[in-house]
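**Q** Here you go, work.cif (mmCIF, C-alpha atoms):
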data_query
loop_
_atom_site.group_PDB
_atom_site.id
_atom_site.type_symbol
_atom_site.label_atom_id
_atom_site.label_comp_id
_atom_site.auth_asym_id
_atom_site.auth_seq_id
_atom_site.Cartn_x
_atom_site.Cartn_y
_atom_site.Cartn_z
ATOM 1 C CA MET A 1 -40.472 -62.248 -47.391
ATOM 2 C CA SER A 2 -37.169 -64.016 -46.683
ATOM 3 C CA LEU A 3 -33.712 -62.443 -46.684
ATOM 4 C CA ILE A 4 -32.924 -64.185 -49.986
ATOM 5 C CA ASP A 5 -35.927 -62.436 -51.593
ATOM 6 C CA LEU A 6 -34.347 -59.069 -50.749
ATOM 7 C CA ALA A 7 -31.482 -59.915 -53.091
ATOM 8 C CA ASN A 8 -33.918 -58.955 -55.837
ATOM 9 C CA PRO A 9 -33.652 -55.130 -56.254
ATOM 10 C CA THR A 10 -37.288 -54.800 -57.365
ATOM 11 C CA ARG A 11 -38.507 -56.566 -54.203
ATOM 12 C CA PHE A 12 -36.111 -54.444 -52.136
ATOM 13 C CA LEU A 13 -37.601 -51.266 -53.670
ATOM 14 C CA ALA A 14 -41.114 -52.470 -52.834
ATOM 15 C CA LEU A 15 -40.047 -53.168 -49.240
ATOM 16 C CA THR A 16 -38.400 -49.748 -48.782
ATOM 17 C CA ALA A 17 -41.552 -48.030 -50.104
ATOM 18 C CA ARG A 18 -43.547 -49.733 -47.330
ATOM 19 C CA VAL A 19 -41.013 -49.431 -44.492
ATOM 20 C CA LEU A 20 -39.521 -45.936 -44.999
ATOM 21 C CA PRO A 21 -42.509 -43.846 -43.786
ATOM 22 C CA TRP A 22 -42.687 -45.880 -40.536
ATOM 23 C CA LEU A 23 -38.942 -45.658 -39.972
ATOM 24 C CA ALA A 24 -38.947 -41.906 -40.619
ATOM 25 C CA GLY A 25 -41.832 -41.446 -38.162
ATOM 26 C CA ALA A 26 -40.123 -43.521 -35.455
ATOM 27 C CA THR A 27 -36.864 -41.560 -35.986
ATOM 28 C CA VAL A 28 -38.598 -38.189 -35.577
ATOM 29 C CA ILE A 29 -40.422 -39.319 -32.404
ATOM 30 C CA LEU A 30 -37.291 -40.809 -30.785
ATOM 31 C CA LEU A 31 -35.089 -37.830 -31.646
ATOM 32 C CA ALA A 32 -37.764 -35.435 -30.325
ATOM 33 C CA ILE A 33 -37.945 -37.332 -27.004
ATOM 34 C CA GLY A 34 -34.142 -37.558 -26.882
ATOM 35 C CA LEU A 35 -33.743 -33.816 -27.523
ATOM 36 C CA TYR A 36 -36.330 -32.996 -24.826
ATOM 37 C CA GLN A 37 -34.538 -35.231 -22.316
ATOM 38 C CA SER A 38 -31.159 -33.730 -23.316
ATOM 39 C CA ALA A 39 -32.460 -30.171 -22.859
ATOM 40 C CA TYR A 40 -33.663 -30.901 -19.331
ATOM 41 C CA ALA A 41 -30.733 -33.079 -18.218
ATOM 42 C CA PRO A 42 -28.959 -31.575 -15.180
ATOM 43 C CA ASP A 43 -25.548 -29.887 -15.470
ATOM 44 C CA ASP A 44 -22.548 -32.099 -14.762
ATOM 45 C CA TYR A 45 -20.568 -31.148 -11.628
ATOM 46 C CA GLN A 46 -17.362 -30.806 -13.705
ATOM 47 C CA GLN A 47 -18.517 -30.071 -17.273
ATOM 48 C CA GLY A 48 -21.497 -27.859 -16.398
ATOM 49 C CA ALA A 49 -23.983 -27.434 -19.264
ATOM 50 C CA THR A 50 -21.408 -28.531 -21.887
ATOM 51 C CA VAL A 51 -22.402 -32.109 -20.993
ATOM 52 C CA LYS A 52 -25.307 -31.479 -23.415
ATOM 53 C CA ILE A 53 -22.811 -31.590 -26.311
ATOM 54 C CA MET A 54 -22.131 -35.218 -25.329
ATOM 55 C CA PHE A 55 -25.713 -36.168 -26.232
ATOM 56 C CA ILE A 56 -24.957 -35.525 -29.903
ATOM 57 C CA HIS A 57 -21.190 -36.113 -29.903
ATOM 58 C CA VAL A 58 -21.292 -39.661 -28.489
ATOM 59 C CA PRO A 59 -24.073 -41.044 -30.802
ATOM 60 C CA ASN A 60 -22.256 -39.589 -33.830
ATOM 61 C CA ALA A 61 -18.935 -41.045 -32.663
ATOM 62 C CA TRP A 62 -20.538 -44.490 -32.170
ATOM 63 C CA LEU A 63 -22.219 -44.295 -35.570
ATOM 64 C CA SER A 64 -18.994 -43.241 -37.325
ATOM 65 C CA MET A 65 -17.595 -46.684 -36.398
ATOM 66 C CA PHE A 66 -20.885 -48.584 -36.720
ATOM 67 C CA VAL A 67 -21.395 -47.393 -40.318
ATOM 68 C CA TRP A 68 -17.882 -48.518 -41.275
ATOM 69 C CA GLY A 69 -18.738 -51.876 -39.646
ATOM 70 C CA VAL A 70 -21.896 -52.108 -41.806
ATOM 71 C CA MET A 71 -19.820 -51.250 -44.886
ATOM 72 C CA SER A 72 -17.271 -53.945 -43.934
ATOM 73 C CA ILE A 73 -20.008 -56.617 -43.718
ATOM 74 C CA ALA A 74 -21.412 -55.381 -47.043
ATOM 75 C CA SER A 75 -17.892 -55.607 -48.523
ATOM 76 C CA LEU A 76 -17.695 -59.249 -47.444
ATOM 77 C CA GLY A 77 -21.038 -59.676 -49.191
ATOM 78 C CA THR A 78 -19.527 -58.209 -52.371
ATOM 79 C CA LEU A 79 -16.278 -60.205 -52.327
ATOM 80 C CA VAL A 80 -17.412 -63.541 -50.833
ATOM 81 C CA TRP A 81 -21.131 -64.016 -51.506
ATOM 82 C CA ARG A 82 -21.460 -61.621 -54.492
ATOM 83 C CA HIS A 83 -24.789 -60.423 -53.146
ATOM 84 C CA PRO A 84 -26.366 -58.035 -55.706
ATOM 85 C CA LEU A 85 -27.246 -55.438 -53.071
ATOM 86 C CA ALA A 86 -24.005 -55.632 -51.053
ATOM 87 C CA ASP A 87 -22.071 -52.991 -52.992
ATOM 88 C CA VAL A 88 -25.214 -50.854 -53.225
ATOM 89 C CA ALA A 89 -25.389 -50.937 -49.392
ATOM 90 C CA ALA A 90 -21.685 -50.089 -49.018
ATOM 91 C CA LYS A 91 -21.773 -47.215 -51.508
ATOM 92 C CA ALA A 92 -24.970 -45.732 -50.032
ATOM 93 C CA ALA A 93 -23.604 -45.848 -46.471
ATOM 94 C CA ALA A 94 -20.331 -43.978 -47.149
ATOM 95 C CA PRO A 95 -21.624 -40.354 -47.351
ATOM 96 C CA ILE A 96 -23.862 -40.924 -44.317
ATOM 97 C CA GLY A 97 -20.946 -42.366 -42.323
ATOM 98 C CA ALA A 98 -18.730 -39.465 -43.413
ATOM 99 C CA SER A 99 -21.367 -36.984 -42.169
ATOM 100 C CA PHE A 100 -21.608 -38.681 -38.753
ATOM 101 C CA THR A 101 -17.801 -38.757 -38.466
ATOM 102 C CA PHE A 102 -17.601 -35.066 -39.394
ATOM 103 C CA LEU A 103 -20.201 -34.265 -36.707
ATOM 104 C CA ALA A 104 -18.318 -36.362 -34.131
ATOM 105 C CA LEU A 105 -15.112 -34.429 -34.886
ATOM 106 C CA LEU A 106 -16.833 -31.026 -34.936
ATOM 107 C CA THR A 107 -18.892 -31.474 -31.755
ATOM 108 C CA GLY A 108 -15.901 -33.067 -29.983
ATOM 109 C CA SER A 109 -13.845 -30.053 -30.938
ATOM 110 C CA LEU A 110 -16.552 -27.656 -29.705
ATOM 111 C CA TRP A 111 -16.662 -29.554 -26.399
ATOM 112 C CA GLY A 112 -12.861 -29.666 -26.165
ATOM 113 C CA ARG A 113 -12.340 -25.888 -26.346
ATOM 114 C CA PRO A 114 -14.102 -25.053 -23.042
ATOM 115 C CA MET A 115 -13.165 -28.337 -21.296
ATOM 116 C CA TRP A 116 -9.578 -29.023 -22.455
ATOM 117 C CA GLY A 117 -8.697 -25.481 -23.486
ATOM 118 C CA THR A 118 -8.080 -26.529 -27.098
ATOM 119 C CA TYR A 119 -10.155 -27.362 -30.193
ATOM 120 C CA TRP A 120 -7.730 -30.033 -31.337
ATOM 121 C CA GLU A 121 -5.009 -32.269 -29.959
ATOM 122 C CA TRP A 122 -3.032 -34.781 -32.044
ATOM 123 C CA ASP A 123 -3.707 -37.617 -29.615
ATOM 124 C CA ALA A 124 -4.500 -41.234 -30.559
ATOM 125 C CA ARG A 125 -8.325 -41.074 -30.381
ATOM 126 C CA LEU A 126 -8.741 -37.785 -32.262
ATOM 127 C CA THR A 127 -6.159 -38.669 -34.902
ATOM 128 C CA SER A 128 -7.589 -42.157 -35.547
ATOM 129 C CA VAL A 129 -11.101 -40.698 -35.971
ATOM 130 C CA LEU A 130 -9.714 -38.066 -38.365
ATOM 131 C CA ILE A 131 -8.118 -40.924 -40.354
ATOM 132 C CA LEU A 132 -11.538 -42.657 -40.423
ATOM 133 C CA PHE A 133 -13.085 -39.464 -41.843
ATOM 134 C CA LEU A 134 -10.379 -39.242 -44.532
ATOM 135 C CA MET A 135 -10.954 -42.924 -45.385
ATOM 136 C CA TYR A 136 -14.681 -42.232 -45.896
ATOM 137 C CA LEU A 137 -13.792 -39.381 -48.278
ATOM 138 C CA GLY A 138 -11.264 -41.576 -50.102
ATOM 139 C CA LEU A 139 -13.846 -44.310 -50.542
ATOM 140 C CA MET A 140 -16.418 -41.859 -51.931
ATOM 141 C CA ALA A 141 -13.764 -40.515 -54.339
ATOM 142 C CA LEU A 142 -12.961 -44.080 -55.464
ATOM 143 C CA TRP A 143 -16.638 -44.786 -56.223
ATOM 144 C CA ARG A 144 -16.812 -41.624 -58.331
ATOM 145 C CA ALA A 145 -13.512 -42.271 -60.116
ATOM 146 C CA VAL A 146 -14.466 -45.668 -61.600
ATOM 147 C CA ASP A 147 -17.327 -45.659 -64.148
ATOM 148 C CA ASP A 148 -18.252 -49.343 -63.984
ATOM 149 C CA PRO A 149 -20.042 -49.963 -60.625
ATOM 150 C CA SER A 150 -18.996 -53.650 -60.416
ATOM 151 C CA ARG A 151 -15.283 -52.810 -60.877
ATOM 152 C CA ALA A 152 -15.522 -49.948 -58.377
ATOM 153 C CA ALA A 153 -17.329 -52.258 -55.936
ATOM 154 C CA ARG A 154 -14.481 -54.780 -55.732
ATOM 155 C CA ALA A 155 -11.794 -52.106 -55.232
ATOM 156 C CA ALA A 156 -13.940 -50.287 -52.665
ATOM 157 C CA ALA A 157 -14.673 -53.554 -50.818
ATOM 158 C CA VAL A 158 -10.953 -54.322 -50.437
ATOM 159 C CA LEU A 159 -10.248 -50.766 -49.247
ATOM 160 C CA THR A 160 -13.148 -50.941 -46.759
ATOM 161 C CA LEU A 161 -11.933 -54.224 -45.265
ATOM 162 C CA VAL A 162 -8.371 -52.893 -44.958
ATOM 163 C CA GLY A 163 -9.765 -49.736 -43.334
ATOM 164 C CA ALA A 164 -11.695 -51.835 -40.785
ATOM 165 C CA ILE A 165 -8.342 -52.310 -38.993
ATOM 166 C CA ASN A 166 -8.827 -48.720 -37.807
ATOM 167 C CA LEU A 167 -12.012 -49.606 -35.823
ATOM 168 C CA PRO A 168 -10.333 -51.460 -32.900
ATOM 169 C CA ILE A 169 -7.578 -48.826 -32.965
ATOM 170 C CA ILE A 170 -10.210 -46.090 -32.422
ATOM 171 C CA LYS A 171 -12.055 -48.089 -29.752
ATOM 172 C CA PHE A 172 -8.989 -49.087 -27.707
ATOM 173 C CA SER A 173 -6.796 -46.026 -28.404
ATOM 174 C CA VAL A 174 -7.810 -44.567 -25.034
ATOM 175 C CA ASP A 175 -6.582 -47.745 -23.273
ATOM 176 C CA TRP A 176 -3.456 -48.412 -25.351
ATOM 177 C CA TRP A 177 -2.041 -44.880 -25.321
ATOM 178 C CA ASN A 178 -1.961 -42.020 -22.893
ATOM 179 C CA THR A 179 -4.491 -39.649 -24.438
ATOM 180 C CA LEU A 180 -6.378 -36.497 -23.517
ATOM 181 C CA HIS A 181 -9.649 -38.235 -24.433
ATOM 182 C CA GLN A 182 -11.467 -39.869 -21.520
ATOM 183 C CA PRO A 183 -11.794 -43.692 -21.468
ATOM 184 C CA ALA A 184 -15.072 -45.518 -22.223
ATOM 185 C CA SER A 185 -17.833 -44.714 -19.720
ATOM 186 C CA VAL A 186 -20.870 -46.491 -21.239
ATOM 187 C CA MET A 187 -19.722 -49.625 -23.086
ATOM 188 C CA ARG A 188 -17.222 -51.023 -20.602
ATOM 189 C CA MET A 189 -16.674 -54.098 -18.462
ATOM 190 C CA GLY A 190 -18.460 -53.587 -15.159
ATOM 191 C CA GLY A 191 -21.242 -51.453 -16.651
ATOM 192 C CA SER A 192 -21.762 -47.769 -17.292
ATOM 193 C CA THR A 193 -20.291 -45.171 -14.958
ATOM 194 C CA LEU A 194 -22.880 -42.592 -16.028
ATOM 195 C CA ASP A 195 -25.724 -41.487 -13.796
ATOM 196 C CA LYS A 196 -29.236 -42.321 -15.098
ATOM 197 C CA SER A 197 -30.002 -38.634 -15.631
ATOM 198 C CA PHE A 198 -27.276 -38.566 -18.327
ATOM 199 C CA LEU A 199 -27.478 -42.195 -19.490
ATOM 200 C CA ILE A 200 -31.186 -42.107 -20.487
ATOM 201 C CA PRO A 201 -30.988 -39.053 -22.811
ATOM 202 C CA LEU A 202 -27.705 -40.377 -24.224
ATOM 203 C CA LEU A 203 -29.209 -43.789 -25.058
ATOM 204 C CA LEU A 204 -32.387 -42.199 -26.487
ATOM 205 C CA MET A 205 -30.294 -39.977 -28.754
ATOM 206 C CA ALA A 206 -28.103 -42.949 -29.721
ATOM 207 C CA ILE A 207 -31.145 -45.059 -30.703
ATOM 208 C CA GLY A 208 -32.678 -42.030 -32.491
ATOM 209 C CA PHE A 209 -29.494 -41.405 -34.521
ATOM 210 C CA THR A 210 -29.195 -45.147 -35.290
ATOM 211 C CA LEU A 211 -32.772 -45.152 -36.619
ATOM 212 C CA LEU A 212 -31.892 -42.016 -38.604
ATOM 213 C CA PHE A 213 -28.988 -43.909 -40.155
ATOM 214 C CA VAL A 214 -31.186 -46.925 -41.030
ATOM 215 C CA THR A 215 -33.809 -44.629 -42.630
ATOM 216 C CA LEU A 216 -31.278 -42.603 -44.625
ATOM 217 C CA HIS A 217 -29.360 -45.726 -45.607
ATOM 218 C CA LEU A 218 -32.436 -47.501 -47.003
ATOM 219 C CA ALA A 219 -33.447 -44.325 -48.880
ATOM 220 C CA ALA A 220 -29.916 -43.902 -50.281
ATOM 221 C CA MET A 221 -29.848 -47.590 -51.319
ATOM 222 C CA ARG A 222 -33.155 -47.105 -53.140
ATOM 223 C CA ASN A 223 -31.627 -44.095 -54.977
ATOM 224 C CA GLU A 224 -28.534 -46.111 -55.906
ATOM 225 C CA ILE A 225 -30.657 -48.954 -57.363
ATOM 226 C CA LEU A 226 -32.616 -46.405 -59.423
ATOM 227 C CA ARG A 227 -29.341 -44.744 -60.559
ATOM 228 C CA ARG A 228 -28.047 -48.104 -61.807
ATOM 229 C CA ARG A 229 -31.365 -48.758 -63.547
ATOM 230 C CA VAL A 230 -31.078 -45.358 -65.291
ATOM 231 C CA ARG A 231 -27.485 -46.148 -66.293
ATOM 232 C CA SER A 232 -28.337 -49.552 -67.803
ATOM 233 C CA LEU A 233 -31.352 -48.138 -69.676
ATOM 234 C CA GLN A 234 -29.258 -45.259 -71.043
ATOM 235 C CA MET A 235 -26.630 -47.763 -72.228
ATOM 236 C CA MET A 236 -29.393 -49.817 -73.863
ATOM 237 C CA GLN A 237 -30.723 -46.668 -75.540
ATOM 238 C CA ALA A 238 -27.236 -45.687 -76.742
ATOM 239 C CA SER A 239 -26.581 -49.167 -78.188
ATOM 240 C CA ARG A 240 -29.951 -49.056 -80.014
ATOM 241 C CA VAL A 241 -29.066 -45.675 -81.544
ATOM 242 C CA ALA A 242 -25.611 -46.980 -82.577
ATOM 243 C CA PHE A 243 -27.152 -50.138 -84.079
ATOM 244 C CA SER A 244 -29.824 -48.263 -86.069
ATOM 245 C CA SER A 245 -27.271 -45.760 -87.416
ATOM 246 C CA GLU A 246 -25.024 -48.696 -88.446
ATOM 247 C CA VAL A 247 -27.935 -50.379 -90.226
ATOM 248 C CA GLY A 248 -28.797 -47.065 -91.916
ATOM 249 C CA ALA A 249 -25.214 -46.560 -93.100
ATOM 250 C CA GLY A 250 -25.048 -50.164 -94.351
ATOM 251 C CA SER A 251 -28.242 -49.884 -96.436
ATOM 252 C CA ARG A 252 -27.115 -46.531 -97.906
ATOM 253 C CA GLN A 253 -23.796 -48.117 -98.900
ATOM 254 C CA GLU A 254 -25.658 -51.059 -100.488
ATOM 255 C CA ASN A 255 -27.934 -48.685 -102.441
ATOM 256 C CA ALA A 256 -24.936 -46.708 -103.647
ATOM 257 C CA SER A 257 -23.104 -49.832 -104.872
ATOM 258 C CA THR A 258 -26.291 -51.128 -106.640
ATOM 259 C CA GLY A 259 -26.720 -47.740 -108.342
ATOM 260 C CA ALA A 260 -23.105 -47.737 -109.491
ATOM 261 C CA ALA A 261 -23.472 -51.223 -110.997
ATOM 262 C CA MET X 1 -32.868 -24.130 -18.942
ATOM 263 C CA SER X 2 -29.658 -22.146 -18.559
ATOM 264 C CA LEU X 3 -26.705 -23.008 -20.804
ATOM 265 C CA GLY X 4 -24.133 -21.117 -18.741
ATOM 266 C CA PRO X 5 -20.995 -19.380 -20.019
ATOM 267 C CA TYR X 6 -20.423 -21.891 -22.844
ATOM 268 C CA ALA X 7 -23.867 -21.521 -24.448
ATOM 269 C CA SER X 8 -22.354 -20.586 -27.840
ATOM 270 C CA PHE X 9 -20.431 -23.905 -27.996
ATOM 271 C CA ILE X 10 -23.571 -25.908 -27.104
ATOM 272 C CA VAL X 11 -25.854 -24.046 -29.534
ATOM 273 C CA THR X 12 -23.264 -24.295 -32.348
ATOM 274 C CA SER X 13 -22.973 -28.073 -31.797
ATOM 275 C CA TYR X 14 -26.732 -28.651 -32.019
ATOM 276 C CA ALA X 15 -27.120 -26.233 -34.954
ATOM 277 C CA ALA X 16 -24.285 -27.960 -36.862
ATOM 278 C CA ALA X 17 -25.854 -31.381 -36.251
ATOM 279 C CA ALA X 18 -29.250 -30.107 -37.443
ATOM 280 C CA LEU X 19 -27.680 -28.503 -40.524
ATOM 281 C CA VAL X 20 -25.682 -31.610 -41.533
ATOM 282 C CA VAL X 21 -28.711 -33.902 -41.040
ATOM 283 C CA ALA X 22 -30.892 -31.472 -43.052
ATOM 284 C CA ILE X 23 -28.322 -31.430 -45.891
ATOM 285 C CA LEU X 24 -28.218 -35.263 -45.880
ATOM 286 C CA ILE X 25 -32.016 -35.536 -46.013
ATOM 287 C CA GLY X 26 -32.243 -32.838 -48.721
ATOM 288 C CA TRP X 27 -29.562 -34.519 -50.825
ATOM 289 C CA ILE X 28 -31.290 -37.932 -50.611
ATOM 290 C CA VAL X 29 -34.745 -36.490 -51.440
ATOM 291 C CA LEU X 30 -33.404 -34.469 -54.409
ATOM 292 C CA ASP X 31 -31.437 -37.477 -55.669
ATOM 293 C CA TYR X 32 -34.600 -39.620 -55.535
ATOM 294 C CA ARG X 33 -36.583 -37.005 -57.488
ATOM 295 C CA ASN X 34 -33.769 -36.734 -60.051
ATOM 296 C CA GLN X 35 -33.544 -40.512 -60.602
ATOM 297 C CA THR X 36 -37.328 -41.009 -60.877
ATOM 298 C CA ARG X 37 -37.552 -38.080 -63.346
ATOM 299 C CA ARG X 38 -34.823 -39.628 -65.535
ATOM 300 C CA LEU X 39 -36.558 -43.024 -65.375
ATOM 301 C CA ARG X 40 -39.875 -41.456 -66.404
ATOM 302 C CA GLU X 41 -38.178 -39.755 -69.373
ATOM 303 C CA LEU X 42 -36.635 -43.063 -70.467
ATOM 304 C CA ASP X 43 -40.000 -44.790 -70.029
ATOM 305 C CA ARG X 44 -41.687 -42.169 -72.218
ATOM 306 C CA SER X 45 -39.023 -42.559 -74.930
ATOM 307 C CA GLY X 46 -39.885 -46.275 -75.109
ATOM 308 C CA VAL X 47 -36.753 -47.698 -73.449
ATOM 309 C CA THR X 48 -37.838 -50.678 -71.345
ATOM 310 C CA ARG X 49 -35.986 -53.203 -69.188
ATOM 311 C CA ARG X 50 -35.052 -56.610 -70.620
ATOM 312 C CA SER X 51 -37.806 -58.143 -68.502
ATOM 313 C CA GLY X 52 -40.248 -55.928 -70.421
ATOM 314 C CA ARG X 53 -41.306 -54.215 -67.206
ATOM 315 C CA SER X 54 -41.552 -50.440 -66.967
ATOM 316 C CA ALA X 55 -38.420 -48.603 -65.850
ATOM 317 C CA MET X 56 -40.520 -47.139 -63.033
ATOM 318 C CA ASP X 57 -41.518 -50.552 -61.675
ATOM 319 C CA ALA X 58 -41.510 -50.664 -57.841
ATOM 320 C CA SER X 59 -39.784 -47.311 -57.625
#
Could you quickly redo this structure as structure tokens?
**A**
Amino acid sequence: MSLIDLANPTRFLALTARVLPWLAGATVILLAIGLYQSAYAPDDYQQGATVKIMFIHVPNAWLSMFVWGVMSIASLGTLVWRHPLADVAAKAAAPIGASFTFLALLTGSLWGRPMWGTYWEWDARLTSVLILFLMYLGLMALWRAVDDPSRAARAAAVLTLVGAINLPIIKFSVDWWNTLHQPASVMRMGGSTLDKSFLIPLLLMAIGFTLLFVTLHLAAMRNEILRRRVRSLQMMQASRVAFSSEVGAGSRQENASTGAA
Amino acid sequence: MSLGPYASFIVTSYAAAALVVAILIGWIVLDYRNQTRRLRELDRSGVTRRSGRSAMDAS
């Protein structure tokens, strides 16, 4: 099956039916191993046991940006290539991305209280991630506000691409401004500064959460295709009812005029 | 495994992550059931796709 074949929603549904159980199984296994490794990771010499919060905070923070990146590519697919599944992919990803962003903010806040002495600080990194979360919510509201999915798709695609400007701002905010948030320690020039005992559980959790996203995204895309199928069939049903009632009214009128003559 | 003096922050973080992921999974599963139920109802009432295939095809 080529990539072009997946442009056909029926073929895509058949593929998801085959792939989803395997993806779900792999996600459960990886997250279980990641959680085990996280539980038995040693305490950090500065953070103590709160370093364990990092094993869920960091994957969620990465995914909050990654999902917007996926939505941006899908938006290009909607605007440039008019791929039939592009807007389905973008719409299905938004609530999942919003959830990951919410978790990144919440777990970051719960880590910040014991480590920084505050739940929240209006610094560049935290504020730009909060803006990302609000953009996810705005995008979901836009999808709900417009009835016609193809009209909503174009508006949402433009908004997503404009919002993508926020991604480098989030990533480099810790370098460009003086913030409370620590600079990058994994994805940086010169390699990771983390010890293996922290890096391995962190990467396992990151891969596990990424697989979770792929699984949930495919399942949500399948639901969106079915929703659109329901919508088009309901419209077909409504137009049939309107047509038959028009025909009925027309023949009654004809009978009445014949009777009068 | 000792979580030290900040155990409540650690446990709350993991519990919140589990809860949010569970809500996401639940929402997606319920949505799937809802859409397939509506498609089955439309199929039973004789509404078919333009291709003539069943509304439930490959779902």
**Q** With 6 Å as the cut-off and only C-alpha atoms counted, what is the closest atom pair between each nearby residue of chain A and chain X? Distances in Å to one decimal, ordered by chain and number, as CSV.
**A**
residue,atom,partner,partner_atom,distance
A:Thr10,CA,X:Ala58,CA,5.9
A:Leu13,CA,X:Ala58,CA,5.7
A:Ala14,CA,X:Ala58,CA,5.3
A:Ala49,CA,X:Leu3,CA,5.4
A:Ile53,CA,X:Ile10,CA,5.8
A:Thr107,CA,X:Ser13,CA,5.3
A:Leu110,CA,X:Phe9,CA,5.7
A:Asn223,CA,X:Tyr32,CA,5.4
A:Arg227,CA,X:Gln35,CA,6.0
A:Val230,CA,X:Leu39,CA,6.0
**Q** Which residue is closest to Phe209 of chain A? Choose from A:Ser99, A:Thr27, A:Thr160, A:Gln37 and count all atoms listed in the file.
**A**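 Of A:Ser99, A:Thr27, A:Thr160, A:Gln37, the one nearest Phe209 of chain A is A:Thr27, counting all atoms listed in the file.
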**Q** Could you tell me, as a ChimeraX atom specification, exactly which residues end up selected when the PyMOL selection byres ((chain A and resi 88) around 12) is applied to this structure?
**A** /A:7,9,12,70-71,74-75,77-78,82-87,89-94,143,149-150,152-154,156-157,217-228
**Q** Could you work out how far atom CA of Asn166 of chain A lies from atom CA of Ser109 of chain A, giving the answer in Å with one decimal?
**A** 20.5 Å
